[in-house]
file data-v5.cif (mmCIF, C-alpha atoms)
data_protein
#
loop_
_atom_site.label_atom_id
_atom_site.label_comp_id
_atom_site.auth_asym_id
_atom_site.auth_seq_id
_atom_site.Cartn_x
_atom_site.Cartn_y
_atom_site.Cartn_z
CA MET A 1 0.00 0.00 0.00
CA LYS A 2 1.39 3.40 -0.97
CA PHE A 3 1.26 6.55 1.13
CA SER A 4 1.86 10.21 0.49
CA GLY A 5 3.69 12.35 3.03
CA TYR A 6 2.40 14.51 5.86
CA GLY A 7 0.53 17.51 4.60
CA LEU A 8 -2.13 20.16 4.94
CA VAL A 9 -4.52 21.84 2.52
CA GLN A 10 -5.88 25.07 3.98
CA ASN A 11 -9.16 26.77 3.17
CA ARG A 12 -8.44 28.31 -0.21
CA ASP A 13 -10.50 31.46 0.28
CA PRO A 14 -11.26 33.19 3.60
CA ARG A 15 -14.69 34.14 2.25
CA VAL A 16 -15.85 30.54 2.68
CA HIS A 17 -16.77 31.61 6.19
CA GLU A 18 -19.58 33.74 4.73
CA ASN A 19 -21.65 30.63 4.05
CA ARG A 20 -23.40 28.67 6.77
CA ILE A 21 -22.45 25.41 5.02
CA THR A 22 -18.83 25.19 3.89
CA ASN A 23 -18.22 23.70 0.45
CA GLU A 24 -16.30 20.45 0.75
CA ARG A 25 -13.62 21.73 -1.61
CA ASP A 26 -13.03 24.72 0.67
CA LEU A 27 -12.81 22.78 3.93
CA PHE A 28 -9.27 22.26 5.21
CA LYS A 29 -7.63 18.87 4.79
CA VAL A 30 -4.93 17.68 7.18
CA TRP A 31 -3.22 14.35 7.80
CA HIS A 32 -0.42 13.10 10.02
CA LEU A 33 0.85 9.93 8.35
CA GLY A 34 -0.07 10.35 4.70
CA ILE A 35 -3.01 9.40 2.51
CA PRO A 36 -3.40 5.65 1.91
CA ASP A 37 -3.72 4.41 -1.66
CA ILE A 38 -7.07 2.65 -1.47
CA ALA A 39 -7.51 0.74 -4.70
CA ASN A 40 -10.93 -0.81 -4.05
CA SER A 41 -13.27 0.67 -1.45
CA SER A 42 -15.71 -2.22 -1.92
CA GLN A 43 -13.21 -4.40 -0.03
CA TRP A 44 -13.24 -2.08 2.98
CA VAL A 45 -13.91 -3.76 6.34
CA LEU A 46 -14.61 -2.20 9.73
CA ASN A 47 -13.94 -4.44 12.74
CA ILE A 48 -15.67 -3.93 16.12
CA THR A 49 -13.85 -5.80 18.90
CA GLY A 50 -12.72 -5.52 22.52
CA LEU A 51 -15.11 -5.53 25.46
CA VAL A 52 -18.10 -6.66 23.44
CA GLU A 53 -20.18 -9.83 23.56
CA HIS A 54 -20.58 -10.09 19.80
CA PRO A 55 -17.54 -8.90 17.78
CA MET A 56 -18.63 -7.91 14.28
CA ARG A 57 -17.26 -6.95 10.88
CA PHE A 58 -18.97 -4.47 8.59
CA SER A 59 -18.26 -4.04 4.91
CA LEU A 60 -18.93 -0.73 3.21
CA ALA A 61 -22.13 -2.24 1.78
CA ASP A 62 -23.18 -3.34 5.28
CA LEU A 63 -22.78 0.19 6.62
CA GLN A 64 -24.62 1.68 3.65
CA ALA A 65 -27.54 -0.69 4.31
CA LEU A 66 -27.97 0.45 7.91
CA PRO A 67 -30.23 3.43 8.86
CA GLN A 68 -28.47 6.66 7.95
CA THR A 69 -28.35 9.80 10.09
CA THR A 70 -27.44 13.33 9.04
CA VAL A 71 -25.69 15.75 11.40
CA THR A 72 -24.77 19.34 10.55
CA ALA A 73 -21.74 20.32 12.61
CA PHE A 74 -18.75 22.61 12.76
CA HIS A 75 -15.45 20.82 12.15
CA GLU A 76 -12.30 22.36 13.66
CA CYS A 77 -8.66 21.34 13.53
CA ALA A 78 -6.92 21.30 16.93
CA GLY A 79 -3.79 22.73 15.33
CA SER A 80 -0.30 21.30 15.43
CA PRO A 81 0.38 19.13 18.51
CA LEU A 82 3.95 20.41 18.29
CA ASN A 83 2.72 23.97 18.95
CA PRO A 84 -0.57 23.45 20.81
CA LYS A 85 -0.96 27.04 22.02
CA VAL A 86 -0.72 28.60 18.56
CA PRO A 87 -4.21 29.47 17.25
CA GLN A 88 -4.90 27.95 13.80
CA ARG A 89 -8.65 28.49 13.25
CA ARG A 90 -9.06 25.90 10.54
CA ILE A 91 -12.82 25.65 10.75
CA GLY A 92 -15.85 24.87 8.63
CA ASN A 93 -19.48 23.86 9.01
CA VAL A 94 -20.55 20.80 7.05
CA VAL A 95 -23.22 18.11 6.72
CA TRP A 96 -22.14 14.59 7.66
CA THR A 97 -24.14 11.45 6.90
CA GLY A 98 -23.56 7.97 8.22
CA VAL A 99 -24.40 5.38 10.85
CA LYS A 100 -24.69 6.34 14.50
CA LEU A 101 -21.79 4.86 16.42
CA ALA A 102 -24.22 4.21 19.28
CA ASP A 103 -26.33 1.99 17.01
CA VAL A 104 -23.34 -0.13 16.04
CA LEU A 105 -22.20 -0.45 19.66
CA GLN A 106 -25.69 -1.62 20.56
CA LYS A 107 -25.39 -4.41 17.99
CA VAL A 108 -22.16 -5.76 19.49
CA ASN A 109 -23.45 -5.40 23.08
CA ILE A 110 -20.64 -3.72 25.01
CA THR A 111 -19.81 -5.12 28.46
CA SER A 112 -20.04 -3.35 31.82
CA GLU A 113 -16.24 -2.87 32.01
CA ALA A 114 -16.22 -0.58 28.97
CA VAL A 115 -14.93 2.96 29.52
CA TYR A 116 -13.44 4.02 26.18
CA VAL A 117 -13.82 3.37 22.47
CA ILE A 118 -10.50 3.28 20.60
CA SER A 119 -10.49 4.08 16.88
CA ARG A 120 -7.81 3.08 14.38
CA GLY A 121 -7.15 4.16 10.83
CA ILE A 122 -5.29 2.36 8.09
CA ASP A 123 -2.86 5.24 7.46
CA GLU A 124 0.79 4.78 8.34
CA GLY A 125 3.91 6.87 7.92
CA VAL A 126 6.38 9.22 9.57
CA TYR A 127 5.41 11.99 11.96
CA ASN A 128 7.98 14.17 13.71
CA ASN A 129 10.76 11.84 12.51
CA VAL A 130 9.14 8.71 13.96
CA HIS A 131 7.42 5.97 11.92
CA TYR A 132 3.94 4.89 13.06
CA SER A 133 2.15 1.81 11.77
CA GLY A 134 -1.25 3.44 12.24
CA TYR A 135 -3.16 6.38 13.65
CA GLU A 136 -5.09 5.72 16.85
CA LYS A 137 -7.33 7.81 19.12
CA ASP A 138 -9.90 7.18 21.83
CA LEU A 139 -13.20 8.54 23.11
CA PRO A 140 -14.89 8.32 26.49
CA LEU A 141 -17.77 5.86 26.22
CA ASP A 142 -20.40 8.48 27.04
CA LYS A 143 -19.19 10.61 24.11
CA ALA A 144 -19.11 7.57 21.81
CA LEU A 145 -22.78 6.99 22.66
CA ASP A 146 -23.72 10.57 21.76
CA PRO A 147 -26.29 10.29 18.91
CA ASN A 148 -24.37 12.91 16.90
CA VAL A 149 -21.23 10.76 16.67
CA LEU A 150 -21.16 8.98 13.31
CA ILE A 151 -19.36 6.34 11.34
CA ALA A 152 -19.53 8.72 8.41
CA LEU A 153 -19.89 7.80 4.74
CA ALA A 154 -20.79 11.16 3.18
CA ILE A 155 -20.06 14.88 3.50
CA ASN A 156 -22.43 17.48 2.07
CA ASN A 157 -24.42 14.63 0.48
CA GLU A 158 -21.44 13.27 -1.45
CA PRO A 159 -19.35 10.16 -0.64
CA ILE A 160 -16.30 10.97 1.46
CA THR A 161 -13.23 10.95 -0.77
CA VAL A 162 -10.01 9.17 0.14
CA GLU A 163 -8.32 12.56 0.58
CA ARG A 164 -11.02 13.45 3.15
CA GLY A 165 -10.59 10.17 5.08
CA GLY A 166 -13.02 7.96 3.18
CA PRO A 167 -14.61 5.71 2.32
CA VAL A 168 -15.32 5.39 6.06
CA ARG A 169 -14.26 7.74 8.83
CA LEU A 170 -15.28 8.60 12.35
CA VAL A 171 -16.91 11.99 12.97
CA VAL A 172 -17.17 13.31 16.52
CA PRO A 173 -19.09 16.62 16.52
CA GLY A 174 -18.06 18.87 19.39
CA TYR A 175 -14.58 17.32 19.63
CA TYR A 176 -11.53 18.62 17.78
CA GLY A 177 -11.00 17.03 14.38
CA THR A 178 -8.02 14.98 15.53
CA ASN A 179 -10.52 12.67 17.26
CA SER A 180 -12.44 12.00 14.03
CA THR A 181 -10.21 9.17 12.84
CA LYS A 182 -9.90 8.91 9.05
CA TRP A 183 -9.78 5.69 7.00
CA LEU A 184 -11.48 3.90 9.90
CA THR A 185 -10.81 0.15 10.07
CA ASP A 186 -11.09 -0.73 13.76
CA LEU A 187 -13.15 0.21 16.80
CA ILE A 188 -11.96 -1.41 20.02
CA VAL A 189 -14.06 -1.10 23.18
CA SER A 190 -11.69 -0.85 26.15
CA LYS A 191 -11.48 -0.13 29.88
CA VAL A 192 -8.25 1.87 29.42
CA ARG A 193 -7.18 4.67 27.11
CA SER A 194 -5.20 4.07 23.95
CA SER A 195 -1.42 3.84 24.41
CA SER A 196 -0.81 5.50 21.03
CA ALA A 197 1.55 8.46 20.87
CA PHE A 198 -1.35 10.45 19.41
CA THR A 199 -3.15 10.12 22.74
CA THR A 200 -0.30 9.98 25.28
CA LYS A 201 2.35 12.27 23.75
CA TYR A 202 0.49 14.38 21.23
CA TYR A 203 -2.89 16.06 21.73
CA MET A 204 -2.43 16.25 25.49
CA ASP A 205 -2.52 19.76 26.90
CA ARG A 206 -0.02 20.27 29.69
CA GLU A 207 0.22 23.17 32.14
CA MET A 208 1.37 23.84 35.67
CA VAL A 209 -1.47 24.33 38.17
CA ASP A 210 -0.53 25.13 41.78
CA GLY A 211 2.95 23.77 41.18
CA GLU A 212 1.76 20.49 39.69
CA LEU A 213 1.64 19.35 36.08
CA LYS A 214 -1.92 18.98 34.81
CA GLU A 215 -2.58 16.93 31.67
CA SER A 216 -5.85 17.17 29.74
CA PRO A 217 -6.83 15.24 26.60
CA VAL A 218 -7.60 17.42 23.59
CA TRP A 219 -11.22 16.36 23.31
CA GLY A 220 -14.04 18.90 23.66
CA ILE A 221 -13.83 22.11 21.63
CA HIS A 222 -13.43 25.22 23.74
CA PRO A 223 -15.39 28.40 22.87
CA ASN A 224 -14.08 30.16 19.80
CA SER A 225 -15.16 32.84 17.34
CA ILE A 226 -14.13 34.59 14.15
CA VAL A 227 -15.11 37.90 12.59
CA VAL A 228 -16.25 37.47 9.00
CA HIS A 229 -17.08 41.12 8.34
CA PRO A 230 -15.24 43.38 8.22
CA GLN A 231 -12.17 41.43 7.18
CA ASN A 232 -8.71 42.00 8.53
CA GLY A 233 -7.04 44.92 6.75
CA GLN A 234 -10.30 46.16 5.23
CA THR A 235 -11.11 49.87 4.86
CA ILE A 236 -14.71 50.85 5.57
CA LYS A 237 -16.65 54.11 5.52
CA SER A 238 -17.47 56.06 8.68
CA GLU A 239 -21.07 54.95 8.68
CA GLU A 240 -23.08 52.36 10.56
CA CYS A 241 -22.01 48.83 9.74
CA MET A 242 -22.72 45.28 10.88
CA ILE A 243 -19.86 43.39 12.52
CA TRP A 244 -20.69 39.72 12.26
CA GLY A 245 -19.11 36.32 12.40
CA TRP A 246 -19.34 32.75 13.68
CA ALA A 247 -18.95 31.30 17.18
CA TRP A 248 -18.78 27.66 18.25
CA ALA A 249 -17.99 25.29 21.13
CA GLU A 250 -18.78 21.74 22.25
CA ALA A 251 -21.45 23.21 24.50
CA ALA A 252 -23.64 25.80 22.77
CA VAL A 253 -22.35 29.37 22.75
CA ALA A 254 -24.43 31.47 25.14
CA GLU A 255 -22.80 34.87 24.64
CA VAL A 256 -20.44 36.74 22.33
CA GLU A 257 -18.85 40.02 23.34
CA VAL A 258 -17.34 42.48 20.87
CA SER A 259 -14.62 45.02 21.47
CA ILE A 260 -13.72 47.69 18.91
CA ASP A 261 -10.93 49.23 21.00
CA GLY A 262 -8.52 46.33 21.34
CA GLY A 263 -10.08 44.86 24.46
CA GLU A 264 -10.44 48.00 26.56
CA THR A 265 -14.23 47.72 26.61
CA TRP A 266 -16.67 44.95 25.65
CA GLN A 267 -20.29 44.95 24.49
CA LYS A 268 -22.69 42.07 23.93
CA ALA A 269 -23.58 40.96 20.42
CA ASN A 270 -26.77 39.21 19.32
CA VAL A 271 -26.19 35.44 19.06
CA GLU A 272 -28.50 33.02 17.29
CA THR A 273 -29.65 29.83 19.02
CA ARG A 274 -27.68 26.77 17.99
CA SER A 275 -29.26 24.23 15.64
CA ASN A 276 -27.90 20.67 15.81
CA MET A 277 -24.11 21.04 16.23
CA GLU A 278 -23.70 24.00 13.87
CA TRP A 279 -21.69 27.12 14.43
CA GLN A 280 -23.71 30.14 15.55
CA ARG A 281 -23.88 33.53 13.88
CA PHE A 282 -23.42 36.68 15.94
CA ASN A 283 -24.18 40.28 14.92
CA PHE A 284 -23.11 43.61 16.38
CA ARG A 285 -24.25 46.93 14.90
CA TRP A 286 -21.58 49.62 15.16
CA LYS A 287 -21.21 53.29 14.16
CA PRO A 288 -17.60 54.54 14.17
CA LYS A 289 -17.15 57.80 16.06
CA SER A 290 -14.21 58.93 13.97
CA VAL A 291 -11.89 57.92 11.17
CA GLY A 292 -8.77 55.96 11.99
CA GLU A 293 -7.59 52.47 12.86
CA TYR A 294 -9.65 50.10 15.00
CA CYS A 295 -8.89 46.72 16.55
CA ILE A 296 -11.96 44.46 16.62
CA MET A 297 -11.96 41.49 19.01
CA THR A 298 -14.65 38.93 19.83
CA ARG A 299 -14.98 36.69 22.86
CA ALA A 300 -17.36 33.72 23.05
CA THR A 301 -18.71 32.12 26.24
CA ASP A 302 -20.46 28.75 26.26
CA THR A 303 -23.33 27.47 28.40
CA LYS A 304 -20.82 25.92 30.84
CA GLY A 305 -19.29 29.33 31.55
CA MET A 306 -16.05 28.70 29.61
CA ASN A 307 -14.83 31.62 27.52
CA GLN A 308 -12.05 32.56 25.15
CA PRO A 309 -8.78 33.61 26.79
CA LEU A 310 -6.62 36.58 25.89
CA THR A 311 -3.52 34.51 26.65
CA PRO A 312 -1.96 32.07 24.15
CA ARG A 313 -4.27 29.10 23.63
CA ARG A 314 -5.60 27.35 20.53
CA ASN A 315 -8.85 29.33 21.05
CA GLN A 316 -7.18 32.62 21.97
CA VAL A 317 -9.21 35.75 21.19
CA SER A 318 -8.35 36.90 17.67
CA ARG A 319 -7.93 40.44 16.41
CA VAL A 320 -9.10 42.12 13.22
CA MET A 321 -7.47 45.42 12.28
CA ILE A 322 -9.54 47.75 10.10
CA PHE A 323 -9.33 51.36 8.97
CA VAL A 324 -12.29 53.76 8.89
CA GLU A 325 -12.21 56.53 6.31
CA GLN A 326 -14.41 59.56 5.91
CA CYS A 327 -17.63 59.11 3.93
CA SER A 328 -17.77 60.93 0.61
CA ASP A 329 -20.04 63.99 0.44
CA LEU A 330 -21.18 62.98 -3.04
#
call {"tool": "encode", "arguments": {"input": "data-v5.cif", "output": "C-alpha cells"}}
result
Amino acid sequence: MKFSGYGLVQNRDPRVHENRITNERDLFKVWHLGIPDIANSSQWVLNITGLVEHPMRFSLADLQALPQTTVTAFHECAGSPLNPKVPQRRIGNVVWTGVKLADVLQKVNITSEAVYVISRGIDEGVYNNVHYSGYEKDLPLDKALDPNVLIALAINNEPITVERGGPVRLVVPGYYGTNSTKWLTDLIVSKVRSSSAFTTKYYMDREMVDGELKESPVWGIHPNSIVVHPQNGQTIKSEECMIWGWAWAEAAVAEVEVSIDGGETWQKANVETRSNMEWQRFNFRWKPKSVGEYCIMTRATDTKGMNQPLTPRRNQVSRVMIFVEQCSDL
C-alpha cells in the first residue's frame, strides 16, 4: 500500500466563512501519516472488537444498508500538537451522513467494564521523525454513545473521498478534528485509554497548576469565534455597519462580546440559538465615532461558563485590524 507524506490543505479562500455550510472543496484537509492508496473501497472492512459480547465486521455495503443519520456540525482542527498554544482556526461547518456509532455499539453489546472506544485508521507513515504503523485515538464511552457521533460515509451529500478520510471515517461533533479518525478500520471497546503516541504524547494539553503538572486530553472544543465582516485589513466608511461572524464550542455558545478598542471595553452581540451542532452567527451593529484604525476582538462564552482567553491558547481571542475613512459627500 502506498502513502503520500504529511501535509495540509488550507481553506483556499477566507470568504468561505460567509456561508453557513462550507463547500467540501473549501474545507481544510490535514493528515499526520499520509493518505493511503485505497484501490478498491468495496473491499473495505470495519472491525468492532474488545469488550463486546458479539464482535462484528462491517463491509462498506453493510454500513450503507444500515439506517443513515445526518448531522450538521462545525469541524475544527486542533492545530499542530507540536505547537498546541498557537491558534490555527481551521474551521468549517458541514453536513455529515452515516451510521450512529451508538447503534453499532448496541449491535455488538458492550460489556459493563467498557470505559473508552479506541479508533484506528489504516494510514501509516512518519510523523515528527518517527514511523507509526497506524493512527489511533480514543473517546470516552459516554461521548461515543452521543447520537451525533457517526461512522460517516458522506459529507455534504457526497461520498467521502479518500483525501477526506473515506470511504469510512469517524466523525465526533463537538470534539476537535483529531478525534475523528480517518480511514477507519477498527473500533476497540476498552477499559483503558489508547497507548498511542497520538493520545499519550500528542494532543495532550499540559500546564502547571498550583505547582503540579496537569494533563488534559484534547477532546471537547473550547469556545471560539471569528469575525467574517469586516475582514482583517479592510477599509470601511465612517457609517453604521454590521460586525458579524461565527462562534462555536462543544457546548452551545451562550454569549459573544465584541470590542472595537482592542479589548479595553466589551459589548454584547446578538447570538442566534444553535441548531444541531452547527456554528452560531453573531451580529453587532456599530457606528464609528471617527476615522482611523480600530482593533476588533470577539470573545465567546459557552453554556458551561467557559470563555475565550486573551492569553496564548488554541482558542485565543483573535484580532481584526480595520481602517475607517471619511464618507464621501457625493
call {"tool": "resolve_selection", "arguments": {"input": "data-v5.cif", "expression": "the PyMOL selection byres ((chain A and resi 55) around 10)", "output": "MDAnalysis selection string"}}
result
chainID A and resid 47:54 56:57 105 107:110 188
call {"tool": "residues_near_point", "arguments": {"input": "data-v5.cif", "point": "(-16.3, 36.9, 22.9)", "cutoff": "9 Å", "atoms": "all atoms listed in the file", "output": "list in words"}}
result
Pro223, Asn224, Ser225, Ala247, Glu255, Val256, Glu257, Val258, Ser259, Trp266, Lys268, Ala269, Met297, Thr298, Arg299, Ala300, Thr301, Asn307, Gln308 and Val317 of chain A
call {"tool": "resolve_selection", "arguments": {"input": "data-v5.cif", "expression": "the PyMOL selection byres ((chain A and resi 39) around 12)", "output": "PyMOL selection string"}}
result
chain A and resi 1-2+36-38+40-44+162+167
call {"tool": "atom_distance", "arguments": {"input": "data-v5.cif", "atom1": "CA of Glu215 (chain A)", "atom2": "CA of Ala114 (chain A)"}}
result
22.4 Å
call {"tool": "residues_around", "arguments": {"input": "data-v5.cif", "residues": "region 198-203 of chain A", "least_positions_apart": "2", "cutoff": "7 Å", "atoms": "only C-alpha atoms", "output": "count of residues only"}}
result
9
